[in-house]
Each structure stands twice: as C-alpha cells, then as structure tokens.
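Novice: Take a look at the following structure, please.
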Amino acid sequence: STFGWGLEDIGMQIADMAGSGKETTYSMGDDAPISVLSERPHVLYNYFKQRFAQVTNPPIDPLREGVIMSLAMTLGRKESIYKVSEKGARLIHLESPVLNGAEMKEIESLGKEENGGFHQSTISTRYDISDGPSGIKKALDAVCNQAVEDVRNGAEVVILSDFAEDQASLDSITYVPPLLAVGAVHHRLIEEGLRMDAGIVVETGAAWSTHHFACLVGYGANAVHPYLALETVRQWHGNAKTQKQMDAGKLSKTTVAEAQENYRSAVEAGLLKILSKMGISLLTSYSGAQIFEAIGLSEEVIGASFKGTTSRIGGMSLEEIASEVIMMRPEAAKAKMKLVNYGYYKPIPKMGEYHINSSDLAKLLHNAIGLDKTVSAATTRDEAENDGVKPASVADYEIFKKSLESAPLANIRDLLDFESDRKSIAIEEVEPAAEIMKRFCTGAMSLGALSREAHETLAIAVNRVGGKSNSGEGGEDVIRGKPIEDVDEKGRSPTFPHLAGLKNGDSANSYIHQVASGRFGVTPEFLVTAKQLEIKIAQGAKPGEGGQLPGPKVSEYIAGLRASKQGVTLISPPPHHDIYSIEDLAQLIHDLHAVNEEAGVSVKLVSSVGIGTVACGVAKADADVIQISGGDGGTGASPLSSIKNAGCPWELGLSEAHSALLNNGLRDRVTIRVDGGIRTGRDIAIAAMMGAEEFGFGTIAMIAEGCVMARVCHLNTCPVGVTSQKEELRKKFPGTPEHVVNFFEFVAEEVRQLMAHLGYSKFEDLIGRADLLKQSAEQIERVAKSDGVNVDQFFGGIPNSEGDRSFLRANVDSRLVSKDSIVHINKFSSDLDREVCESADIKKVITENDGETTANFDIKNTDRSTCAMLAGDIARAHGNAGFKGKINVNFHGSAGQSFGAFVLPDLNVRLTGEANDYVGKGMHGGEIVVVPHADAGFVAADSSIVGNACLYGATGGDFHANGRAGERFCVRNSGAYAVAEGTGDHCCEYMTGGVVVVLGSVGRNVGAGMTGGIGYFSDPDNSLEERLNKEIVKMQRVESAIGEGQLKHIIERHFEKTGSEKAEDILNYWEDEVGKFWQVYPPSELNNPAVKKETLVEDTLRVSASAPDGALCFLPVGGELGAEQTSRCAD
C-alpha cells in the first residue's frame, strides 16, 4: 500500500504477467481523470505520457523485428566513445534491465577486487515522516550529494534503494518516489561531469508496470530491481486460488522461479514495445533520453528531476508529491491489512476512481434517447411499436448533461469557462441544428471490433443527419455502397435483415473509408466508394502501435472482408510502419488522390508535444483534413499500459496544431477534426474555440446505440452485441439509427443554447476563438491535490483570430471558397495517368464493359501512382470484379513511386525499364510485369528492378519482376501471386494470403508476422534457415505433388511473361532445382493441398490469383490446357 499498489495491480497486471508472460489486454480507452485532477493518490509515473513517432520517424514492430532490438545494458565507468581500449570494455553487462535478488547479489560480489573491483554504493531514498512534506527537498538534496560524493570516491555502481529494514522503519519513515530520485541523481551527476563514471540501479518496491520501468530507465536508470513486484509474484503463485486455476488447466503450471521469469519476460516485452513506438531499437539509446511529456507537474519538479521535459499546465510541487505518497500509506487509506481497490482500470461503484463512461451514465443517456436495452431481436422488438424506441426526453438529457457538469474533474477542459465579448441573443437567431450536425463524425471503429449491427447502425444514423461516418481500418462490405431501397413498413430490409428502424433511402456506406497505410480490406471499390479517405498514422488509445483483433472475433465474415484467416488473431504493426518520412506519407496521400480524385484525404494524428510541426508537414503534403485524436480514445483491444500511458489530451494537441498551422500560413489548406472523449455540446464549443471545425464521437456514440460499458470488448462477450461477433449476442443488440440521431440532435441543440448564450448566431464564428475561453477560478478551486495547475499560460498562446477569419475558407486562385467544396488534386505527377485515362479506346472498353485494347506510353520517374486513376475509373464503373473487358497498357522507361497501384482484374500492365518503391500497392487483380530493356547491360537476376515495399497490401493479381526487389517485398500481401528473382530484408512480412516465389537470394527476417499464404524460396547454399523469422512460420522442402505442380506452373508463367533466364535455367534442370526450394508456410496453411504431403493428385491446384473473367483459376495436376484455355490463360 505504501508504494501505491492497489488490488487491481495484482488481480490484473501481476496475474497476467506472471501467469502468461504477457501484459494485460483491456479495452474502451482511458476515461479516468488525469492524475493531477484525480482525488485519489497516484504514483508519480502516472503524471508522464510516453511519446511516440508519427511521421517523423518509423516505429518498429517489436513482435516481428526483434532481430534489431536489444534490452542489454551496462553498469560501470564508461570511456569516451572517441577512445577504444581494453579498459573501456571493463563493464558489467546485463542482458536485461530487470534484475532479481540473485542477480543483485552477483553484482554485489563483483565489488570484490578479485571479481573485478566494481566499487558500489547503496543510498537510501527514505526520510522521516516527521520531517513533513517539506522534508522531501532536503532528502532529495541529500541523496544527490551522497551520489556525487560516492562517485567521486570511486563508486561505479550507485544503488538507489527505498527498502525498509524492518516494520518499525516502515512505520516511521517515508520515501522519495524512485522516479523523482533517479531523475535528480542522473541530472546532478551530469552537472558535475560524473554521469559516465557510474551506472545507476534503482532498488524499489514502487515499480511493477512496464510503464514504470520505462520511466525509470528513460530518466537515467541503467537497471531496476523490483523487489516487491517479485515478492508479489511469489505470493500470487502460492495463493490457493492460483494453484486451483493451475490444477484446473486455466493457468499453465509453473514453479515460483518460472512465474517470476514470466513476469520479467512480460516487462521486457513491454519495454520493447515502448521503445519501438519511437523507432528506438536499443534500450541503451532510450536510457536517459526522457521521451515523455509530463501532465500536471510544476516547474519546480521538472527543474529538480526532469530537466527538459515538457509540462504545459503546471501542477504538483515537491511538497504535494510528498503528501500524495503519504496518502497511499495503509493508515491514510484506512486499509491496515488489505490493499485498496482504487478502480483505476475497472470502475468500482462508489468507492473507486471516477470513470466518465460509467454504466450509470449509459443509463441516463439511454433514458434520454428512448433506448431500452431489453428490447432486441432476441426479445420483443418485432412486436413492439416503433421497434421499441421510446420518445426522446429533453428532461432526461438535461439530467445526463448535469451529471457530467457536476461530476469530479477529469479533463483539462473541465478547468475552462466561457467569456463572451457580446450580449446573448435569442435561440431563434442561431443557425439550425441540422447545419451543426453536418460537422459531426463517428470515430474510426472497425467492423470486427464492432459487430455488423453496431457498425452499420452508426453509419446509417450519421448519414441521416448529414455527418461523416468512419469505416475504421477493417474494410467494408461492398453491399453497403448502394442506398437501401427495399425497406418495408416495419423498417426491415431483406438486404440488411439484422437491422431495425430503417427507412428507404438510408445509406450504410461510411462517408470516410480508413486505409491505415493500405491495410486490411483495402480494395479499389472500397477506395472509390468513399467520399473521404483517411490515413491512420496513429490511434488515440495506443499511439505508435498497430491494431489488435482477437482471434475469436475474426469470424468468417470478418476474415472475408479483411482477406485473412478465420479465428487467427490479427495483431498488425504500427499503422504507419511503412511510412518512413513525410515524403512517404505524401506519396500515400498522392496515391489516394489518384485513385479517387473526388475524395478528400484525411490524416489521423494523436495529440502529443510537437504535433504542430507534423501537422504543417501533413498540410504541405496536400491532405485535406487533419484529425487530432486525444490519448483517451476508445479501443476494442489494447495492452492496458498503452491505454493508460500514451498520448495526451486533445486540448493540448488541437491547440498546438491549430496555432502552428495558423502561424505558418497553412490553416486555410486543411480542415481540422478532433475526437477523443467528446460527449456534450460544451465539449464541442470548447474544441471549436481551440480550432476544430469537425468533431468525432466514439464511445459515447456506441453508448447511444446500446453499449452498457461492460468493458469486455476484447473478450468477444459484449452482453448487448455491440462489440461481439457471436451470433447469439449480436441478436441482443438493442440500437436503431433513431436512437443515435436522437443523441446527435440533443448535442446540437445544446451547442445552439451555448451559442445563444454567447451571442453568436453562426457556428463558424466560434472556430479558433480561444479568446472566448478563460480559466475557471471556481473549477481550479476544486483541484484537490495541487495549487499549481494553471491553464491560462498555455491556452493564452493560441493566436487571436478575431480580426482575420480567412483561414475558414480555402484560397483557390485568390478566391476564398468553402473547404468542403474542393479537394486537393495531384499536379504534373499524375499527368501521365490522366493521359492514359483519356485514351478513347480505353474509355470505350470501360464504358461498354466489353472488348480488348492495348496502349503504349513512355514513363519517367516523376510519373507517380501510374494506373491508379485508371483502376479507379474501372472500379467506379464496375466494382472490384464486374469488369468484362480487357485493357493492356505497356510502359517504357523508369516509373516513379506506386507504379501499378490498385490495379484490378483484367487490367494488365507491363513496364519495360525499372520502377521505384511501392509497385503494385493495393493490387487487387490483373497483372503487373516488369522487365529490363532488351539492351540493358546487366544480368537481370542480379540487379534490382523494383524498389521497396512492392505489393504492399495487395489483395489479388499476378506480379512478375525479371530482376530483384527491394525490402519488404509483398508486405501485407493477402492474395497476390508474385515472382521476383531476389529480395531484400523482411520478404513476406505480415502476409495473410497469396503465393510468393523468389528465385534468388533473400535478406533476413523472412516471413515475419506471416499468418497466411505460402512462400517458395530457391536456396542452393542453404542459407534461408538463418534468415527466417521462425516465430510463426515453418519451412520444409517441396514434398507434395500439388506444391511442386504449383511452383512449376508459376515459374513457367514467369518465364513466358518475362523471358527470365533464371526461370529458364530452373525449368531446364527441374529435377535438380526443385530440391533446392524451401516452402515457407504458417500454421493456417497446414491443410493447404500444396503443403500437405499426403495430398491426392486429384486435388485442384491454384496457380494464379485470377483468370481473365475474374473467377479463380484452377488446374488439375497433370491436366492438359485446352485450346481456349491456352489462348486465355497466362499459363
């Protein structure tokens, strides 16, 4: 208790980490107050938010790219990096920064001269409670002075320890929080020029979560001995309940030592994940790097221990921190022999931490919008009048609103109030709610995280009010692209039989289609049926990390949409894992503008210090919308430590982004959208004054369609079917579009009331008017823990835009026009694409959906995304698979980035020359062939002909490159059949389907994250095994007749298409060469006929992604091609 532990920390974190070696997975985002506003005591770590890379540099995937990461640390005196000597190697090397008791004793033994003579010093961070809160300053100075003296006297290992010798000591003395102590000592040693002379070990009872370890290392620790966490693991293991779970098979049987090792493994995996968010591969680089933002700490605290760390709203002083430590003591917490359940993660009614999105709040909102959670398809909805939707109640909405206004402080915006510059007006003078609702959006919640019922109901509701619904990253059923016109008098549609309360003319098509860097479900039709395309650079609940969809939620339907395997967990890499710079982001924006010129492109960022600079880059890259998400956003599944400790409140990010864009003359080029915990009209008014023009609703919109805040989204057991894929639970879904519309109308009317009170008739006149906000003296008085919170200084820095409102309009040829009326279009880099699309013969084949034509063009490396516009034209007219004609386009020259992006069936593209990165990005069908010029003076098989990340996110098609490919060949491929003559590192990364054949050498980390599809690799020197990432995939020789037949036919087709000498050599000596191939496959392909050794020869063989008519192309092994097939098929 003294160290801040609560029951949840053992029941959730320790149990999961010691039991399974993994961090706790949780859901729904962070709706608890920020630490400085909380009325409960918080450990100091909770005042820090992890920073993360977004666009500035690429994060790493610690799950699949651990080959380049290390947690190794050293203790001892380090020499200058400019000196290399044997003496400099005299260090204590640690494989892990997490030390157990035995390792601490081993380090102690190294202090003896015969064992190396690493002199050590142990400094207690404890001081007498009787010294009072002011005693912490004296204690901190004493610790720093002692450290300086000891290091000067030759100590090479400084141990900062809060260990109490006995109960009497524990009762009479308190401690300096370890993070405060290590930061102060680290900086003091730097000031004295001694930091490189010693390593710092923190021995503490106040570290158990991965975030705690990251903070300690980030502020200077070289290693941590979490003695109380390890003891807690031991006691948890010996608990009767734990033993019963092991006996029942619910937990793996372990010894105490194994449980403690599990715990350490979980911490280490969490540290790798935290490092990877910034693209840092070595813990030695992270140590002392201070990659955090503080929220709620005063300048005094920052100056004492965390110099250089951003802290924008002031907050806790040293004395207040000391008082908060005392609040945790059992006598203060009135829990002498029992830990308190603070309810920081799971709400504890009445006793625990306040959570905004409580089940009580859900009930109040349901009463207001007329929702009865007991009425559903599983009960009486079909018999009930108006599908059981009760009349909306203004009085109940007022109760809902008042419950939030009178609730405990939780967010920065709760400390603000309005200060108008004019008199109030009559509400009749204010613009109608219908106009305000056009600015409403839903958060990017994917189909998969949500059930079909919940996802489609939200889309229909937002479309009804003229707002913008968002598909999330999981793709969308093509059936939703057309208006619903078959609704009967009871509001039912045969097309959507699982929904209720429908109207003819409703649309379930999301206005915004999210692509998350070209990931799951991204097809040409998905792109062209969007009115806006969103690139997810980061996600509010877990910025710097990728999506996570537990296997039980990957139903047959969801797997089909995502081109993945049913029941296989989808843990994807960070959303912009393949965007290494602003130029790469600009290229993806260019690709999307090309495939759908009528759609705007939005870029989703997460609030963090420095977001203003990123926003300026995004605006210059021709994005139309910048979305700023708060770090408290919801999620269907995420590591708990990520939900709680990464990302900042949107108030900070929105203000910074708006200010930076305005100051740099870029604000008129983009619309700013904000989301993350927005619930009321008051939230919307404050966000508008800070610069937002559009507003996203996430969790609260789910509550409006029936969510009861059970917080089991990640378990697939949602009791009302909002976030479950189980059929029986989905039938319990109680929501209809009318419920959600009722909620939006209430919020819009609340905004109107505020506008009338402030004296404003037009909503746009509030945007960017931060001068209408002030710090509320009354609310500041309510801050229980600190007198130092001050938001005036930060929000007072937003530029005053009262006099110049031109940023609300786009400047087009010196004319100010509505931003909604235009989208950015590609310039000269798409001229070749436009020329291809304007070809009369090509237009004729598309229009008539019949016939065949061939066209020839020269290409240069400034021609980017070539064929994306053509693919868009075909998809717009015929969808993904309805095109019956055939178009062959031949190019000669050097192609720029994203050549052949989004090509689809019966669009065949051939390039004679070479191509840059991202060839075949999002390819859905058809054919791409790249060959060198006939007079090229190099050996094709030994030379690179295409760049990195080719076939990125491909969902179909056939690809042949007569030459080598760069790194990440077929990254995220889920359906393409591809051949290259060699590749760089990370081939077949995150593949979920398709077949890849590599005829030459490959780089390292082959098959990392590969959960579907098959790879064939020629390996004459037996080097593949050491280059294979064996976490998921296995390798075997090509032993089945089906597999051999598949491989041979694909290579034959490659020879026919490219004239490859390498392919010809292999085919000429097939009996010898086939034995040099390895077949690489994940567990999901074990029953694939090409993998199973005992497969019968009669089984059909798939050798191509598609045939010209769009159907799958099958050929029985040993079967002869007929004349018609020979003329039609590539093989």
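Following the order of the structure tokens, first chain is A, next is B, and so on, with residues numbered from 1 inside each chain and ligands from 1 in the order they appear.
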Quick one: residues within 10 Å of A:Glu750, only C-alpha atoms, excluding same-chain residues fewer than 4 positions away - as a PyMOL selection string?
Specialist: chain A and resi 397-398+401+433+680-682+684-685+744-746+754-756
Novice: What lies within 12 Å of A:Ser830 using only C-alpha atoms, ignoring chain neighbours under 6 positions off, as a list in words?
Specialist: Gln587, His590, Asp591, Leu592, His593, Ala594, Val595, Glu597, Val836, Cys837, Ile859, Lys860, Asn861, Thr862, Asp863, Arg864, Ser865, Thr866, Cys867, Ala868, Met869, Leu870, Ala895, Gly896, Gln897, Ser898 and Phe899 of chain A
Novice: Of the candidates A:Gly4, A:Pro41, A:Gly183, A:Gly116, which one gets nearest to A:Val143 if we count only C-alpha atoms?
Specialist: A:Gly183
Novice: Applying 7 Å and only C-alpha atoms, which residues near stretch 283-290 of chain A remain after dropping the ones on its own chain fewer than 6 positions away? List them as a list in words.
Specialist: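 Non-adjacent residues within range: Ser70, Leu71, Ala72, Met73, Val217, Gly218, Tyr219, Gly220, Ala221, Asn222, Leu275 and Thr309 of chain A.
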Novice: Go ahead and save the picked residues with N, CA and C atoms, as a tab-separated table (two decimals), in the first residue's frame.
Specialist:
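What ended up in out-v4.tsv:
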```
chain	number	residue	atom	x	y	z
A	70	SER	N	17.40	-4.67	-28.72
A	70	SER	CA	18.11	-5.24	-27.59
A	70	SER	C	17.82	-4.44	-26.33
A	71	LEU	N	17.65	-5.18	-25.21
A	71	LEU	CA	17.46	-4.55	-23.91
A	71	LEU	C	18.74	-4.60	-23.07
A	72	ALA	N	19.83	-5.03	-23.65
A	72	ALA	CA	21.09	-5.15	-22.91
A	72	ALA	C	21.53	-3.79	-22.37
A	73	MET	N	22.02	-3.78	-21.14
A	73	MET	CA	22.51	-2.56	-20.51
A	73	MET	C	23.87	-2.85	-19.87
A	217	VAL	N	14.05	3.96	-16.55
A	217	VAL	CA	15.16	3.91	-17.49
A	217	VAL	C	15.24	5.20	-18.30
A	218	GLY	N	14.08	5.71	-18.72
A	218	GLY	CA	14.06	6.93	-19.53
A	218	GLY	C	14.62	8.14	-18.81
A	219	TYR	N	14.59	8.12	-17.47
A	219	TYR	CA	15.13	9.25	-16.71
A	219	TYR	C	16.45	8.90	-16.00
A	220	GLY	N	17.14	7.86	-16.49
A	220	GLY	CA	18.51	7.68	-16.07
A	220	GLY	C	18.91	6.36	-15.47
A	221	ALA	N	17.97	5.50	-15.11
A	221	ALA	CA	18.35	4.22	-14.50
A	221	ALA	C	18.97	3.30	-15.55
A	222	ASN	N	19.99	2.57	-15.13
A	222	ASN	CA	20.56	1.55	-16.01
A	222	ASN	C	19.94	0.18	-15.76
A	275	LEU	N	9.85	1.19	-26.53
A	275	LEU	CA	10.96	1.68	-27.34
A	275	LEU	C	10.55	1.79	-28.80
A	309	THR	N	11.97	18.24	-19.88
A	309	THR	CA	10.68	17.59	-20.15
A	309	THR	C	9.58	18.65	-20.26
```
Novice: What does the distance from atom CA of A:Leu1067 to atom CA of A:Gln1079 come to in Å, to one decimal?
Specialist: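 So the two atoms, atom CA of A:Leu1067 and atom CA of A:Gln1079, lie 17.4 Å apart.
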Novice: Please measure the separation of atom CA of A:Thr847 and atom CA of A:Phe828, giving the value in Å to one decimal.
Specialist: 26.2 Å
Novice: Near A:Ala459, counting only C-alpha atoms, which residues have an atom at most 9 Å away, once you skip same-chain residues fewer than 3 positions from it, shown as JSON, numbers by chain?
Specialist: {"A": [442, 454, 455, 456, 462, 463, 464, 468, 469, 470, 471, 507, 508, 509, 510, 511, 737]}
Novice: Do a neighbour search on A:Arg782 at 10 Å with only C-alpha atoms, toss out local chain neighbours closer than 6 positions, and write the hits as a PyMOL selection string.
Specialist: chain A and resi 37+39+408-409+415
Novice: Just write the chosen residues, N, CA and C atoms, as a PDB file, in the first residue's frame.
Specialist:
```pdb
ATOM      1  N   LEU A  37      -5.768  15.817 -11.600  1.00  0.00           N
ATOM      2  CA  LEU A  37      -7.142  16.181 -11.251  1.00  0.00           C
ATOM      3  C   LEU A  37      -7.843  15.113 -10.433  1.00  0.00           C
ATOM      4  N   GLU A  39      -8.890  12.668  -7.425  1.00  0.00           N
ATOM      5  CA  GLU A  39      -8.975  12.819  -5.975  1.00  0.00           C
ATOM      6  C   GLU A  39      -8.303  11.656  -5.253  1.00  0.00           C
ATOM      7  N   PRO A 408     -16.830  14.785 -10.768  1.00  0.00           N
ATOM      8  CA  PRO A 408     -15.453  15.157 -10.413  1.00  0.00           C
ATOM      9  C   PRO A 408     -14.684  15.649 -11.645  1.00  0.00           C
ATOM     10  N   LEU A 409     -13.698  16.485 -11.424  1.00  0.00           N
ATOM     11  CA  LEU A 409     -12.856  16.973 -12.516  1.00  0.00           C
ATOM     12  C   LEU A 409     -12.139  15.798 -13.164  1.00  0.00           C
ATOM     13  N   LEU A 415     -11.459  22.673 -16.592  1.00  0.00           N
ATOM     14  CA  LEU A 415     -10.929  23.827 -15.864  1.00  0.00           C
ATOM     15  C   LEU A 415     -11.191  25.133 -16.610  1.00  0.00           C
TER      16      LEU A 415
END
```
